[in-house]
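Data file: run-v9.cif. Format and content: mmCIF, C-alpha atoms.
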data_structure
#
loop_
_atom_site.label_atom_id
_atom_site.label_comp_id
_atom_site.auth_asym_id
_atom_site.auth_seq_id
_atom_site.Cartn_x
_atom_site.Cartn_y
_atom_site.Cartn_z
CA MET A 1183 0.00 0.00 0.00
CA THR A 1184 1.32 3.44 -0.86
CA ASP A 1185 1.64 6.20 1.72
CA THR A 1186 -0.99 8.19 -0.19
CA THR A 1187 -3.48 5.33 -0.04
CA ARG A 1188 -2.84 4.84 3.68
CA LYS A 1189 -3.44 8.53 4.37
CA ILE A 1190 -6.71 8.51 2.41
CA ILE A 1191 -7.91 5.42 4.29
CA GLU A 1192 -7.06 7.07 7.62
CA GLN A 1193 -9.10 10.14 6.70
CA ILE A 1194 -12.10 8.10 5.55
CA LEU A 1195 -12.04 6.14 8.79
CA ALA A 1196 -11.86 9.37 10.80
CA VAL A 1197 -15.24 10.69 9.59
CA PRO A 1198 -17.52 10.26 12.62
CA LYS A 1199 -20.96 8.73 12.72
CA GLY A 1200 -23.62 11.27 11.77
CA LYS A 1201 -21.22 13.33 9.65
CA VAL A 1202 -20.19 13.35 6.00
CA SER A 1203 -17.19 14.53 4.06
CA CYS A 1204 -16.50 14.92 0.37
CA TYR A 1205 -14.03 13.18 -1.90
CA ARG A 1206 -11.96 16.33 -2.36
CA ASP A 1207 -11.77 17.15 1.34
CA ILE A 1208 -10.65 13.64 2.24
CA ALA A 1209 -7.80 14.03 -0.25
CA LEU A 1210 -6.89 17.48 1.06
CA ARG A 1211 -6.78 16.21 4.63
CA ALA A 1212 -4.51 13.44 3.41
CA GLY A 1213 -2.21 16.10 1.94
CA ILE A 1214 -3.13 15.46 -1.69
CA GLN A 1215 -4.09 18.40 -3.89
CA ASN A 1216 -6.60 17.58 -6.64
CA GLY A 1217 -7.02 14.09 -5.22
CA ALA A 1218 -10.78 13.57 -5.31
CA ARG A 1219 -10.43 10.82 -7.92
CA GLN A 1220 -7.82 9.07 -5.79
CA THR A 1221 -10.32 9.07 -2.93
CA VAL A 1222 -12.90 7.49 -5.24
CA ARG A 1223 -10.42 4.82 -6.33
CA VAL A 1224 -9.53 3.95 -2.73
CA LEU A 1225 -13.21 3.71 -1.79
CA HIS A 1226 -13.92 1.52 -4.81
CA SER A 1227 -11.00 -0.85 -4.36
CA MET A 1228 -10.47 -0.99 -0.60
CA THR A 1229 -13.84 -0.54 1.12
CA GLU A 1230 -14.35 -4.22 1.80
CA LYS A 1231 -10.78 -4.99 2.87
CA TYR A 1232 -10.55 -2.06 5.32
CA ASN A 1233 -14.23 -1.81 6.28
CA LEU A 1234 -14.40 1.77 5.01
CA LEU A 1235 -17.56 3.66 5.83
CA TRP A 1236 -18.07 4.62 2.19
CA HIS A 1237 -21.55 5.99 2.74
CA ARG A 1238 -20.15 8.97 4.68
CA ILE A 1239 -18.33 10.31 1.61
CA ILE A 1240 -20.41 12.37 -0.81
CA ARG A 1241 -19.95 15.08 -3.43
CA ALA A 1242 -18.67 18.52 -2.49
CA ASN A 1243 -22.08 20.05 -3.25
CA GLY A 1244 -23.78 17.75 -0.72
CA SER A 1245 -25.28 15.39 -3.29
CA ILE A 1246 -24.84 11.64 -3.53
CA ALA A 1247 -22.77 10.44 -6.47
CA LEU A 1248 -24.28 6.98 -6.74
CA THR A 1249 -27.47 6.14 -8.61
CA GLY A 1250 -30.13 3.48 -8.31
CA GLU A 1251 -29.87 0.93 -5.51
CA GLY A 1252 -26.47 2.24 -4.41
CA LYS A 1253 -27.92 5.70 -3.87
CA ASP A 1254 -30.90 4.29 -1.99
CA LEU A 1255 -28.58 2.27 0.26
CA GLN A 1256 -26.34 5.27 0.93
CA ILE A 1257 -29.33 7.44 1.84
CA MET A 1258 -30.65 4.75 4.18
CA LEU A 1259 -27.28 4.32 5.90
CA LEU A 1260 -26.82 8.06 6.35
CA ARG A 1261 -30.34 8.54 7.68
CA ASN A 1262 -29.75 5.68 10.13
CA GLU A 1263 -26.85 7.75 11.48
CA GLY A 1264 -29.01 10.85 11.82
CA VAL A 1265 -27.91 12.67 8.68
CA GLU A 1266 -30.83 14.54 7.16
CA ILE A 1267 -31.21 14.30 3.40
CA SER A 1268 -33.63 16.53 1.53
CA ALA A 1269 -36.29 15.25 -0.84
CA ASN A 1270 -34.00 16.05 -3.76
CA GLY A 1271 -31.11 14.08 -2.21
CA GLN A 1272 -29.03 16.90 -0.73
CA VAL A 1273 -27.13 16.92 2.57
CA ASN A 1274 -26.58 20.26 4.29
CA MET A 1275 -22.78 20.36 4.42
CA ASN A 1276 -22.77 23.24 6.91
CA ARG A 1277 -24.71 21.11 9.37
CA PHE A 1278 -23.50 17.58 8.67
CA GLY A 1279 -20.11 18.18 7.06
CA TRP A 1280 -17.18 17.01 9.14
CA ASN A 1281 -14.14 19.16 9.70
CA ILE A 1282 -10.98 18.79 11.73
CA ASN A 1283 -10.30 21.31 14.51
CA LYS A 1284 -13.41 23.24 13.48
CA LEU A 1285 -11.66 24.66 10.42
CA PRO A 1286 -13.90 26.03 7.66
CA LEU A 1287 -15.16 23.25 5.43
CA ARG A 1288 -13.29 22.89 2.19
CA CYS A 1289 -16.24 21.11 0.62
CA SER A 1290 -18.73 23.93 0.59
#

Write the structure described by the file as C-alpha cells, please.
Amino acid sequence: MTDTTRKIIEQILAVPKGKVSCYRDIALRAGIQNGARQTVRVLHSMTEKYNLLWHRIIRANGSIALTGEGKDLQIMLLRNEGVEISANGQVNMNRFGWNINKLPLRCS
C-alpha cells in the first residue's frame, strides 16, 4: 500500500458517525491536492478490505454520487446515522459536514 493510499484510508475512517465529508476534502486532509479521484479509487478498491464507511463520503455540493440501488442504500445508511437528506437528495454540508479542529469546510 502506498503512503498516499494509507493517508486517504485514515481520513475516511476518521469521519464520525452522523457526519459526512466529500471526496476532495478527504484528499486534502490526506495532503493530496486535486485528489478527489484518488479518494474514489480507494473507496472503490479498498472498502471491503478495510471496512471503510463509504456511505459517509459524498460530493462537495452535498449530493450523492451513486445512482439506483447504491444511492438508496447510501441514503438509508446516512439517515440511520441521523444525517438529514432533503427530498432532492441533498445533505446540508454546513450542518452535517465534518471538519478537523473546526476549520472552515473545504467542501462547501

Evaluate the PyMOL selection byres ((chain A and resi 1211) around 10) on the structure here and hand back the selected residues as a ChimeraX atom specification.
/A:1189-1190,1192-1194,1206-1210,1212-1215,1281-1282,1288

Once the PyMOL selection byres ((chain A and resi 1266-1270) around 12) has been evaluated on this model, what residues remain selected, and can you format them as a list of chain:residue names?
A:Gly1200, A:Lys1201, A:Val1202, A:Ile1240, A:Gly1244, A:Ser1245, A:Ile1246, A:Lys1253, A:Asp1254, A:Gln1256, A:Ile1257, A:Met1258, A:Leu1259, A:Leu1260, A:Arg1261, A:Asn1262, A:Glu1263, A:Gly1264, A:Val1265, A:Gly1271, A:Gln1272, A:Val1273, A:Asn1274, A:Met1275, A:Asn1276, A:Arg1277, A:Phe1278, A:Gly1279

Point (-16.7, 18.3, -5.3), cut-off 7 Å, counting only C-alpha atoms, residues as a PyMOL selection string
chain A and resi 1204-1206+1241-1243+1289

Just the residues within 8 Å of Leu1234 in chain A, please, counting only C-alpha atoms, with nothing from its chain fewer than 5 positions along; format it as an MDAnalysis selection string.
chainID A and resid 1191 1194:1195 1225 1228:1229

So which one's closest to Leu1235 in chain A, A:Trp1280, A:Thr1184, A:Glu1251, A:Pro1198? Using all atoms listed in the file, please.
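Checking each candidate against Leu1235 in chain A, we get A:Pro1198 as the closest.
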
Interatomic distance between CA of Ile1239 in chain A and CA of Ser1227 in chain A?
14.6 Å

Interatomic distance between CA of Arg1238 in chain A and CA of His1226 in chain A?
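Calculated distance between CA of Arg1238 in chain A and CA of His1226 in chain A is 13.6 Å.
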
Atom pair CA of Thr1186 in chain A / CA of Val1224 in chain A: separation (Å):
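Value for the CA of Thr1186 in chain A-CA of Val1224 in chain A distance: 9.9 Å.
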
For each of A:Gly1250, A:Glu1230, A:Trp1236, A:Thr1187, take the minimum atom-to-atom distance to Gly1217 in chain A, counting only C-alpha atoms, then give the residue where this is smallest.
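Ranking A:Gly1250, A:Glu1230, A:Trp1236, A:Thr1187 by distance to Gly1217 in chain A, first place goes to A:Thr1187.
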